file run_27.cif (mmCIF, C-alpha atoms)
data_protein
loop_
_atom_site.label_atom_id
_atom_site.label_comp_id
_atom_site.auth_asym_id
_atom_site.auth_seq_id
_atom_site.Cartn_x
_atom_site.Cartn_y
_atom_site.Cartn_z
CA MET A 78 39.99 -25.39 2.32
CA ALA A 79 37.90 -22.57 3.81
CA LYS A 80 41.04 -20.89 5.14
CA SER A 81 42.47 -20.76 1.62
CA ILE A 82 39.53 -18.76 0.24
CA PRO A 83 40.36 -15.02 0.06
CA GLU A 84 38.62 -12.92 2.69
CA GLU A 85 36.91 -10.66 0.15
CA ILE A 86 35.26 -13.65 -1.55
CA VAL A 87 34.03 -15.03 1.76
CA VAL A 88 32.60 -11.64 2.66
CA ASP A 89 30.85 -11.27 -0.71
CA ILE A 90 29.23 -14.71 -0.36
CA LEU A 91 28.08 -14.12 3.21
CA LEU A 92 26.63 -10.69 2.38
CA ARG A 93 24.20 -12.40 -0.01
CA LEU A 94 22.67 -14.62 2.68
CA PRO A 95 19.60 -13.97 4.85
CA ALA A 96 20.18 -12.68 8.37
CA LYS A 97 18.84 -15.85 10.01
CA SER A 98 21.28 -18.02 8.05
CA LEU A 99 24.16 -15.75 9.05
CA GLY A 100 23.13 -16.09 12.68
CA ARG A 101 23.58 -19.86 12.41
CA PHE A 102 26.82 -19.61 10.42
CA LYS A 103 28.47 -17.60 13.20
CA CYS A 104 28.95 -20.96 14.91
CA VAL A 105 30.96 -22.45 12.02
CA CYS A 106 34.30 -21.11 13.22
CA LYS A 107 35.87 -18.22 15.15
CA ARG A 108 36.79 -16.50 11.90
CA TRP A 109 33.16 -16.38 10.74
CA TRP A 110 31.93 -15.38 14.20
CA SER A 111 34.27 -12.41 14.20
CA LEU A 112 33.44 -11.48 10.61
CA ILE A 113 29.64 -11.69 10.89
CA SER A 114 29.66 -9.88 14.25
CA ASN A 115 31.70 -6.98 12.88
CA PRO A 116 29.61 -3.73 12.80
CA GLY A 117 30.98 -2.92 9.35
CA PHE A 118 29.77 -6.26 7.99
CA VAL A 119 26.37 -5.81 9.66
CA ARG A 120 25.96 -2.36 8.09
CA SER A 121 27.05 -3.63 4.64
CA HIS A 122 24.59 -6.51 4.89
CA LEU A 123 21.79 -4.08 5.77
CA GLN A 124 22.63 -1.76 2.88
CA ARG A 125 22.78 -4.64 0.40
CA LEU A 126 19.50 -6.04 1.71
CA LYS A 127 17.74 -2.69 1.28
CA ALA A 128 19.24 -2.20 -2.20
CA ARG A 129 17.58 -5.35 -3.57
CA ASP A 130 14.09 -6.80 -3.19
CA SER A 131 13.60 -6.77 0.57
CA ILE A 132 10.12 -8.34 0.59
CA PRO A 133 11.39 -11.94 1.19
CA SER A 134 13.04 -10.67 4.41
CA GLN A 135 10.01 -8.72 5.65
CA ARG A 136 7.68 -10.01 8.34
CA ILE A 137 4.63 -8.69 10.18
CA ILE A 138 5.40 -8.24 13.88
CA VAL A 139 2.42 -8.19 16.21
CA GLY A 140 2.45 -6.63 19.69
CA GLY A 141 1.36 -8.42 22.86
CA ASN A 142 2.78 -11.08 25.12
CA PRO A 143 4.29 -12.91 23.45
CA LEU A 144 5.26 -10.79 20.47
CA LYS A 145 4.70 -12.68 17.22
CA THR A 146 6.44 -12.45 13.84
CA VAL A 147 4.35 -13.61 10.88
CA ASP A 148 5.82 -14.73 7.53
CA TYR A 149 3.07 -13.36 5.32
CA GLU A 150 4.39 -15.13 2.23
CA ALA A 151 3.98 -18.39 4.17
CA LEU A 152 0.31 -17.47 4.58
CA ASP A 153 0.16 -17.71 0.79
CA GLY A 154 2.12 -20.98 0.70
CA CYS A 155 5.32 -19.34 -0.58
CA GLY A 156 7.41 -18.91 2.58
CA LYS A 157 10.08 -21.41 3.60
CA GLY A 158 10.10 -20.79 7.35
CA ARG A 159 7.58 -21.04 10.18
CA LEU A 160 4.30 -19.21 9.70
CA VAL A 161 4.26 -17.66 13.19
CA VAL A 162 7.21 -17.35 15.59
CA PRO A 163 6.52 -16.29 19.22
CA HIS A 164 8.95 -14.00 21.05
CA TRP A 165 8.85 -14.04 24.84
CA ILE A 166 10.74 -11.24 26.58
CA LYS A 167 10.69 -12.05 30.28
CA ILE A 168 10.86 -8.50 31.62
CA LEU A 169 7.92 -7.25 29.55
CA TRP A 170 4.27 -7.31 30.52
CA VAL A 171 2.21 -6.52 27.38
CA PRO A 172 4.46 -4.63 24.96
CA ARG A 173 2.92 -2.28 22.43
CA ILE A 174 4.70 -1.66 19.12
CA VAL A 175 5.86 1.90 18.48
CA GLY A 176 7.53 1.27 15.11
CA SER A 177 10.22 -0.61 13.21
CA CYS A 178 13.35 0.52 11.38
CA ASP A 179 16.24 -1.48 9.85
CA GLY A 180 15.29 -4.64 11.71
CA LEU A 181 14.97 -2.98 15.11
CA VAL A 182 11.51 -2.87 16.71
CA CYS A 183 10.64 -0.19 19.27
CA LEU A 184 8.28 -1.27 22.05
CA ILE A 185 6.62 0.55 24.91
CA ASP A 186 5.69 -1.34 28.05
CA ARG A 187 4.25 0.61 30.99
CA SER A 188 6.85 3.26 31.89
CA SER A 189 9.77 2.26 29.65
CA PHE A 190 10.78 1.73 26.04
CA HIS A 191 12.58 -1.30 24.62
CA ILE A 192 14.47 -1.81 21.37
CA TYR A 193 14.33 -5.43 20.19
CA ASN A 194 15.78 -7.29 17.21
CA PRO A 195 13.50 -10.32 16.63
CA THR A 196 16.09 -11.97 14.36
CA THR A 197 18.96 -11.97 16.88
CA ARG A 198 16.62 -11.76 19.94
CA GLU A 199 18.77 -9.01 21.45
CA TYR A 200 17.12 -6.13 23.27
CA ILE A 201 17.82 -3.07 25.38
CA GLU A 202 15.64 -1.27 27.91
CA LEU A 203 15.43 2.52 27.79
CA PRO A 204 13.87 5.08 30.15
CA GLY A 205 10.52 6.63 29.36
CA SER A 206 10.13 10.36 28.82
CA ASP A 207 8.14 12.70 31.02
CA VAL A 208 6.45 14.41 28.09
CA VAL A 209 3.25 12.39 28.53
CA ASP A 210 1.72 10.19 31.18
CA GLN A 211 2.86 6.74 30.04
CA ASN A 212 -0.04 4.98 31.72
CA LYS A 213 -2.52 6.99 29.68
CA LEU A 214 -0.57 6.18 26.54
CA PHE A 215 -0.58 2.49 27.33
CA TYR A 216 -4.17 2.04 28.45
CA GLY A 217 -6.06 4.31 26.12
CA PHE A 218 -6.08 5.76 22.63
CA ARG A 219 -5.80 9.55 22.46
CA SER A 220 -5.59 11.32 19.10
CA GLU A 221 -3.48 14.17 20.53
CA LEU A 222 -0.57 11.77 21.14
CA PHE A 223 1.94 10.59 18.56
CA TYR A 224 5.19 8.67 18.54
CA GLY A 225 7.62 7.01 16.13
CA PHE A 226 10.97 5.29 15.71
CA GLY A 227 13.49 5.86 12.93
CA TYR A 228 17.04 6.48 11.77
CA ASP A 229 18.76 9.89 11.73
CA SER A 230 21.37 9.78 8.96
CA GLN A 231 22.97 13.08 10.03
CA SER A 232 23.99 11.70 13.43
CA ASP A 233 24.09 8.01 12.40
CA ASP A 234 21.73 7.27 15.27
CA TYR A 235 18.35 5.67 15.89
CA LYS A 236 15.80 7.78 17.72
CA ILE A 237 12.43 7.52 19.46
CA VAL A 238 10.03 10.43 19.04
CA GLU A 239 7.13 11.03 21.39
CA GLY A 240 4.82 14.05 21.42
CA VAL A 241 1.63 15.42 22.88
CA SER A 242 -0.62 18.30 21.94
CA LEU A 243 -0.65 21.24 24.36
CA GLY A 244 -3.73 22.67 22.68
CA GLY A 245 -4.02 24.80 19.56
CA VAL A 246 -0.87 24.80 17.45
CA ASP A 247 1.62 23.88 20.22
CA TRP A 248 3.14 20.41 20.58
CA ASP A 249 5.56 19.21 23.24
CA VAL A 250 7.98 16.66 21.71
CA ALA A 251 10.62 14.43 23.33
CA ILE A 252 13.39 12.71 21.34
CA LEU A 253 15.57 9.89 22.64
CA SER A 254 18.94 9.01 21.11
CA LEU A 255 19.98 5.34 21.25
CA LYS A 256 23.64 6.36 21.31
CA SER A 257 23.29 8.53 24.39
CA GLY A 258 20.29 6.84 25.98
CA SER A 259 18.91 10.24 27.01
CA TRP A 260 15.94 12.42 26.07
CA ARG A 261 15.78 16.02 24.90
CA ARG A 262 12.69 18.22 24.70
CA ILE A 263 11.58 20.63 21.97
CA ARG A 264 8.49 22.77 21.44
CA VAL A 265 6.93 22.56 17.98
CA GLN A 266 4.37 24.93 16.48
CA PHE A 267 2.20 24.31 13.43
CA GLU A 268 0.86 27.62 12.20
CA GLU A 269 -1.17 26.27 9.29
CA GLU A 270 -4.08 24.98 11.35
CA SER A 271 -5.68 25.49 14.73
CA HIS A 272 -6.00 21.78 15.43
CA LEU A 273 -3.99 18.81 14.18
CA GLU A 274 -5.19 15.25 14.64
CA VAL A 275 -2.75 12.37 14.10
CA PHE A 276 -4.37 9.09 13.04
CA GLY A 277 -3.00 5.91 14.58
CA MET A 278 -0.39 7.65 16.78
CA GLY A 279 2.51 5.52 15.47
CA GLY A 280 4.60 7.00 12.67
CA VAL A 281 5.95 4.98 9.73
CA TYR A 282 9.64 5.34 8.86
CA TRP A 283 10.18 5.56 5.11
CA ASN A 284 12.80 7.08 2.82
CA GLY A 285 14.78 8.74 5.61
CA ALA A 286 11.96 10.29 7.63
CA LEU A 287 9.02 9.51 9.89
CA ARG A 288 5.55 9.96 8.41
CA TRP A 289 2.23 10.42 10.15
CA CYS A 290 -1.22 10.52 8.62
CA THR A 291 -2.95 13.68 9.83
CA SER A 292 -6.26 15.48 9.60
CA TYR A 293 -4.56 18.36 7.79
CA GLY A 294 -4.73 16.49 4.51
CA ASN A 295 -1.07 15.59 4.07
CA LEU A 296 1.55 13.19 5.35
CA ARG A 297 3.97 14.65 7.86
CA GLN A 298 7.58 14.32 6.73
CA GLY A 299 9.49 15.82 9.62
CA ARG A 300 7.89 19.28 9.45
CA ASP A 301 7.31 19.01 5.71
CA TYR A 302 4.37 17.46 3.89
CA LEU A 303 3.65 14.84 1.28
CA PRO A 304 0.33 15.47 -0.47
CA PHE A 305 -2.44 12.90 -0.26
CA PRO A 306 -3.36 11.12 -3.52
CA GLU A 307 -5.62 13.18 -5.76
CA VAL A 308 -9.06 11.57 -5.82
CA ASP A 309 -12.58 12.45 -6.87
CA GLY A 310 -15.03 12.96 -4.06
CA LYS A 311 -14.57 12.76 -0.30
CA ILE A 312 -12.27 10.02 0.97
CA ASP A 313 -10.90 9.62 4.47
CA PHE A 314 -7.26 8.54 4.50
CA VAL A 315 -6.78 6.60 7.70
CA GLY A 316 -3.43 4.80 7.69
CA LEU A 317 0.03 4.13 6.25
CA GLY A 318 2.05 1.00 5.57
CA ILE A 319 5.27 -0.34 4.06
CA HIS A 320 5.59 -2.74 1.12
CA GLY A 321 9.20 -3.56 0.26
CA ALA A 322 10.88 -0.19 -0.21
CA SER A 323 7.58 1.58 -0.95
CA LEU A 324 5.12 3.57 1.14
CA PHE A 325 1.39 3.01 0.82
CA ILE A 326 -1.62 4.88 2.15
CA TYR A 327 -5.12 3.53 2.46
CA SER A 328 -8.57 5.01 2.80
CA SER A 329 -11.88 3.88 4.21
CA SER A 330 -15.17 5.01 2.69
CA GLN A 331 -18.69 3.67 2.85
CA ASP A 332 -21.80 3.93 0.67
CA PRO A 333 -24.72 2.56 2.69
CA ARG A 334 -26.76 2.23 -0.51
CA ILE A 335 -24.35 -0.51 -1.65
CA SER A 336 -23.06 -2.20 1.49
CA GLN A 337 -22.58 -1.77 5.23
CA ASP A 338 -18.96 -2.87 4.72
CA PRO A 339 -16.52 0.04 4.15
CA ARG A 340 -14.56 0.12 0.92
CA ILE A 341 -10.78 0.03 1.26
CA GLU A 342 -8.58 1.68 -1.38
CA ALA A 343 -4.80 1.92 -1.40
CA TRP A 344 -2.22 4.01 -3.26
CA ILE A 345 1.53 3.33 -3.36
CA MET A 346 4.63 5.50 -3.77
CA ASP A 347 8.03 4.03 -4.58
CA GLU A 348 11.22 4.94 -2.71
CA HIS A 349 12.11 7.65 -5.23
CA GLY A 350 8.73 9.40 -5.02
CA ARG A 351 9.92 12.56 -3.32
CA GLY A 352 7.65 14.64 -5.52
CA GLY A 353 4.56 13.00 -4.08
CA SER A 354 3.65 10.75 -7.03
CA TRP A 355 1.05 8.15 -6.01
CA THR A 356 -0.17 5.15 -8.03
CA LYS A 357 -3.51 3.42 -7.39
CA TRP A 358 -2.65 -0.01 -5.96
CA PHE A 359 -5.77 -1.95 -5.06
CA SER A 360 -9.40 -1.60 -4.02
CA ILE A 361 -11.55 -3.89 -1.87
CA ASP A 362 -15.31 -3.42 -1.87
CA CYS A 363 -17.23 -6.07 0.04
CA ILE A 364 -16.06 -9.31 1.62
CA PRO A 365 -19.31 -11.33 1.91
CA ALA A 366 -18.57 -13.04 5.25
CA PHE A 367 -17.93 -9.67 6.93
CA VAL A 368 -20.94 -7.68 5.72
CA ASN A 369 -22.75 -5.90 8.57
CA CYS A 370 -19.69 -6.33 10.81
CA ASN A 371 -18.72 -2.70 10.57
CA THR A 372 -16.98 -1.35 13.67
CA PRO A 373 -14.82 1.75 14.30
CA LEU A 374 -11.74 -0.52 14.20
CA GLY A 375 -12.51 -1.49 10.60
CA LYS A 376 -10.33 -3.54 8.29
CA LYS A 377 -6.72 -2.61 7.59
CA PRO A 378 -4.32 -3.85 4.91
CA LEU A 379 -1.11 -5.19 6.46
CA ALA A 380 0.82 -6.73 3.57
CA TYR A 381 0.60 -7.67 -0.10
CA THR A 382 1.94 -11.05 -1.26
CA ARG A 383 3.82 -11.81 -4.46
CA SER A 384 0.78 -13.57 -5.92
CA GLY A 385 -1.41 -10.50 -5.38
CA LYS A 386 -3.26 -11.55 -2.24
CA ILE A 387 -3.78 -9.07 0.60
CA VAL A 388 -3.24 -9.72 4.31
CA LEU A 389 -5.95 -7.87 6.22
CA LYS A 390 -6.56 -7.18 9.88
CA MET A 391 -10.31 -7.58 10.15
CA TYR A 392 -12.92 -6.56 12.68
CA TRP A 393 -12.45 -7.95 16.15
CA ASN A 394 -8.71 -8.46 15.55
CA ARG A 395 -8.92 -11.33 13.05
CA MET A 396 -6.27 -11.85 10.34
CA ILE A 397 -7.27 -13.07 6.89
CA LEU A 398 -5.59 -13.60 3.52
CA TYR A 399 -7.88 -12.12 0.87
CA ASN A 400 -7.82 -12.98 -2.85
CA PRO A 401 -9.25 -10.05 -4.86
CA GLU A 402 -9.39 -12.16 -8.03
CA ASP A 403 -12.28 -14.34 -6.83
CA ASN A 404 -13.32 -12.52 -3.63
CA THR A 405 -12.33 -15.48 -1.43
CA TRP A 406 -10.51 -15.43 1.88
CA LYS A 407 -8.86 -17.66 4.45
CA GLU A 408 -8.74 -16.88 8.16
CA TYR A 409 -5.74 -17.54 10.42
CA PRO A 410 -5.69 -17.94 14.22
CA ILE A 411 -3.45 -14.90 14.67
CA HIS A 412 -4.81 -12.33 17.11
CA ILE A 413 -3.93 -8.68 16.42
CA ASP A 414 -5.03 -6.44 19.25
CA TRP A 415 -5.44 -2.89 17.93
CA LEU A 416 -4.08 -1.50 21.20
CA ASN A 417 -0.82 -3.49 21.02
CA GLY A 418 -0.17 -2.61 17.39
CA TYR A 419 1.81 -4.13 14.55
CA ALA A 420 4.53 -3.16 12.06
CA ILE A 421 6.45 -4.47 9.05
CA HIS A 422 9.79 -5.79 10.26
CA LEU A 423 12.94 -6.45 8.20
CA GLU A 424 15.17 -9.35 9.27
CA THR A 425 18.67 -7.94 9.89
CA LEU A 426 21.67 -8.43 12.20
CA LEU A 427 21.66 -4.87 13.53
CA SER A 428 22.34 -4.60 17.25
CA PRO A 429 19.79 -2.63 19.30
CA TYR A 430 22.54 -1.37 21.58
CA LEU A 431 24.86 1.14 19.91
CA GLY A 432 27.13 1.71 22.91
CA GLY A 433 27.89 -1.73 24.33
CA GLN A 434 26.56 -5.26 24.81
CA PRO A 435 22.80 -5.84 24.48
CA SER A 436 20.76 -8.26 26.54
CA ARG A 437 19.80 -11.53 24.89
CA ASN A 438 16.35 -13.02 25.22
#
call {"tool": "encode", "arguments": {"input": "run_27.cif", "output": "structure tokens"}}
result
Amino acid sequence: MAKSIPEEIVVDILLRLPAKSLGRFKCVCKRWWSLISNPGFVRSHLQRLKARDSIPSQRIIVGGNPLKTVDYEALDGCGKGRLVVPHWIKILWVPRIVGSCDGLVCLIDRSSFHIYNPTTREYIELPGSDVVDQNKLFYGFRSELFYGFGYDSQSDDYKIVEGVSLGGVDWDVAILSLKSGSWRRIRVQFEEESHLEVFGMGGVYWNGALRWCTSYGNLRQGRDYLPFPEVDGKIDFVGLGIHGASLFIYSSSQDPRISQDPRIEAWIMDEHGRGGSWTKWFSIDCIPAFVNCNTPLGKKPLAYTRSGKIVLKMYWNRMILYNPEDNTWKEYPIHIDWLNGYAIHLETLLSPYLGGQPSRN
């Protein structure tokens, strides 16, 4: 009966399914294996996934050994899969997350980079650049370093970006192409300021470009800027995140007259917000159990569930699900080391190896 169904109908049905289901259905028959493995089908599935509500297919991926993917809707009792899935990659020591784009996660481990798809468990190892000392990057935080991972639509290629400050306005930047597997070097100058500090090192890929939160007061978009949200008073914007197809930015401020616990505020911009239009999203004042636990690592919003709860990385690398309606929270035994990083990951079938066969974990 399946053979009698027109190909275009089969394709349309399969394109509506989650990536994990398609991975299982490849074993149904040779016809489906060939169809689902076809690069054209994989790209169409990705485009359709991004065109609709992508939140059900998003996960938090946490660096370390093993890597862990977290279904944050399952934290809230709404997910259908496992809460936490470990990912062991034998050749890696303690991988740190560089960034995520279209289901591919970029990792750095000692002197090399790795591109990994947690859904298909395929990965590829890539050489490190010589633009910075990789050991310093791995073992210690330095604000004059930055890196990112994203998609270049002009060349239809995924690229790793890594840069280091040379002092003043000069930056030395290396860019690796997944198609070629090789690095190229460029020198970048920012004339607007004498010193540029990048918060968090890792860039966030959103709406066709990598963004970094900087001390200059704007979000880097390539060499362009997105303005920070307009606010009253002094607020330090300290990080970026992804929610569905939207970008959000969050701040940390503290009034010692009220609490020793910093206040977190977030603003969100939808995928069409090229003009820099921000909307206030949420605000968290004091979580009673964490008062007087202030540390430089602070609390960071990771994700926002459909019911309005907020997944937070708390002091000392704890993960909680916070309910702003009644100021209650629930802690989960999920360790997030600030050094190893985290990202929002989209479940797709995209292969990490654009020029041949990837390795399978």
call {"tool": "closest_residue", "arguments": {"input": "run_27.cif", "among": "A:Ile113, A:Leu398, A:Ile411, A:Leu126", "to": "Glu150 of chain A", "atoms": "all atoms listed in the file"}}
result
A:Leu398
call {"tool": "atom_distance", "arguments": {"input": "run_27.cif", "atom1": "atom CA of Val250 of chain A", "atom2": "atom CA of Ile263 of chain A"}}
result
5.4 Å
call {"tool": "residues_around", "arguments": {"input": "run_27.cif", "residues": "Ile413 of chain A", "least_positions_apart": "3", "cutoff": "12 Å", "atoms": "all atoms listed in the file", "output": "ChimeraX atom specification"}}
result
/A:137-147,173-174,374,376-377,379,389-397,409-410,416-420
call {"tool": "resolve_selection", "arguments": {"input": "run_27.cif", "expression": "the PyMOL selection byres ((chain A and resi 358) around 8)", "output": "list in words"}}
result
Glu342, Ala343, Trp344, Ile345, Thr356, Lys357, Phe359 and Ser360 of chain A
call {"tool": "closest_residue", "arguments": {"input": "run_27.cif", "among": "A:Pro306, A:Gly385, A:Gly258, A:Pro401", "to": "Gly205 of chain A", "atoms": "only C-alpha atoms"}}
result
A:Gly258
call {"tool": "closest_residue", "arguments": {"input": "run_27.cif", "among": "A:His191, A:Lys256, A:Arg136, A:Lys311", "to": "Ile421 of chain A", "atoms": "only C-alpha atoms"}}
result
A:Arg136
call {"tool": "closest_residue", "arguments": {"input": "run_27.cif", "among": "A:Trp406, A:Trp248, A:Tyr235, A:Tyr282", "to": "Glu221 of chain A", "atoms": "only C-alpha atoms"}}
result
A:Trp248
call {"tool": "atom_distance", "arguments": {"input": "run_27.cif", "atom1": "atom CA of Glu199 of chain A", "atom2": "atom CA of Gln231 of chain A"}}
result
25.2 Å
call {"tool": "residues_around", "arguments": {"input": "run_27.cif", "residues": "Leu94 of chain A", "least_positions_apart": "5", "cutoff": "10 Å", "atoms": "only C-alpha atoms", "output": "count of residues only"}}
result
4
call {"tool": "resolve_selection", "arguments": {"input": "run_27.cif", "expression": "the PyMOL selection byres ((chain A and resi 255) around 8)", "output": "ChimeraX atom specification"}}
result
/A:234-236,253-254,256-259,430-431
call {"tool": "residues_near_point", "arguments": {"input": "run_27.cif", "point": "(-6.9, 8.3, 8.4)", "cutoff": "7 Å", "atoms": "only C-alpha atoms", "output": "MDAnalysis selection string"}}
result
chainID A and resid 276 290:291 313:316 328
call {"tool": "resolve_selection", "arguments": {"input": "run_27.cif", "expression": "the PyMOL selection byres ((chain A and resi 190) around 8)", "output": "list in words"}}
result
Cys183, Leu184, Ile185, Asp186, Ser188, Ser189, His191, Ile192, Glu202, Leu203, Pro204 and Gly205 of chain A
call {"tool": "closest_residue", "arguments": {"input": "run_27.cif", "among": "A:Leu152, A:Cys178, A:Ile361, A:Leu243", "to": "Ser384 of chain A", "atoms": "only C-alpha atoms"}}
result
A:Leu152
call {"tool": "atom_distance", "arguments": {"input": "run_27.cif", "atom1": "atom CA of Gly100 of chain A", "atom2": "atom CA of Gly225 of chain A"}}
result
28.0 Å
call {"tool": "closest_residue", "arguments": {"input": "run_27.cif", "among": "A:Asp153, A:Leu423, A:Arg187, A:Arg262", "to": "Val171 of chain A", "atoms": "all atoms listed in the file"}}
result
A:Arg187
call {"tool": "residues_near_point", "arguments": {"input": "run_27.cif", "point": "(23.1, -3.0, 8.2)", "cutoff": "10 Å", "atoms": "all atoms listed in the file", "output": "VMD selection string"}}
result
chain A and resid 116 to 127 179 to 180 425 to 428
call {"tool": "residues_around", "arguments": {"input": "run_27.cif", "residues": "Ile132 of chain A", "least_positions_apart": "2", "cutoff": "12 Å", "atoms": "only C-alpha atoms", "output": "MDAnalysis selection string"}}
result
chainID A and resid 95 126:130 134:137 148:150 156 319:323 380:383 421:424
call {"tool": "write_last_selection", "arguments": {"input": "run_27.cif", "atoms": "C-alpha atoms", "output": "short mmCIF file (atom, residue, chain, number, x, y, z; two decimals), keeping the file's coordinate frame"}}
result
data_model
loop_
_atom_site.label_atom_id
_atom_site.label_comp_id
_atom_site.auth_asym_id
_atom_site.auth_seq_id
_atom_site.Cartn_x
_atom_site.Cartn_y
_atom_site.Cartn_z
CA PRO A 95 19.60 -13.97 4.85
CA LEU A 126 19.50 -6.04 1.71
CA LYS A 127 17.74 -2.69 1.28
CA ALA A 128 19.24 -2.20 -2.20
CA ARG A 129 17.58 -5.35 -3.57
CA ASP A 130 14.09 -6.80 -3.19
CA SER A 134 13.04 -10.67 4.41
CA GLN A 135 10.01 -8.72 5.65
CA ARG A 136 7.68 -10.01 8.34
CA ILE A 137 4.63 -8.69 10.18
CA ASP A 148 5.82 -14.73 7.53
CA TYR A 149 3.07 -13.36 5.32
CA GLU A 150 4.39 -15.13 2.23
CA GLY A 156 7.41 -18.91 2.58
CA ILE A 319 5.27 -0.34 4.06
CA HIS A 320 5.59 -2.74 1.12
CA GLY A 321 9.20 -3.56 0.26
CA ALA A 322 10.88 -0.19 -0.21
CA SER A 323 7.58 1.58 -0.95
CA ALA A 380 0.82 -6.73 3.57
CA TYR A 381 0.60 -7.67 -0.10
CA THR A 382 1.94 -11.05 -1.26
CA ARG A 383 3.82 -11.81 -4.46
CA ILE A 421 6.45 -4.47 9.05
CA HIS A 422 9.79 -5.79 10.26
CA LEU A 423 12.94 -6.45 8.20
CA GLU A 424 15.17 -9.35 9.27
#
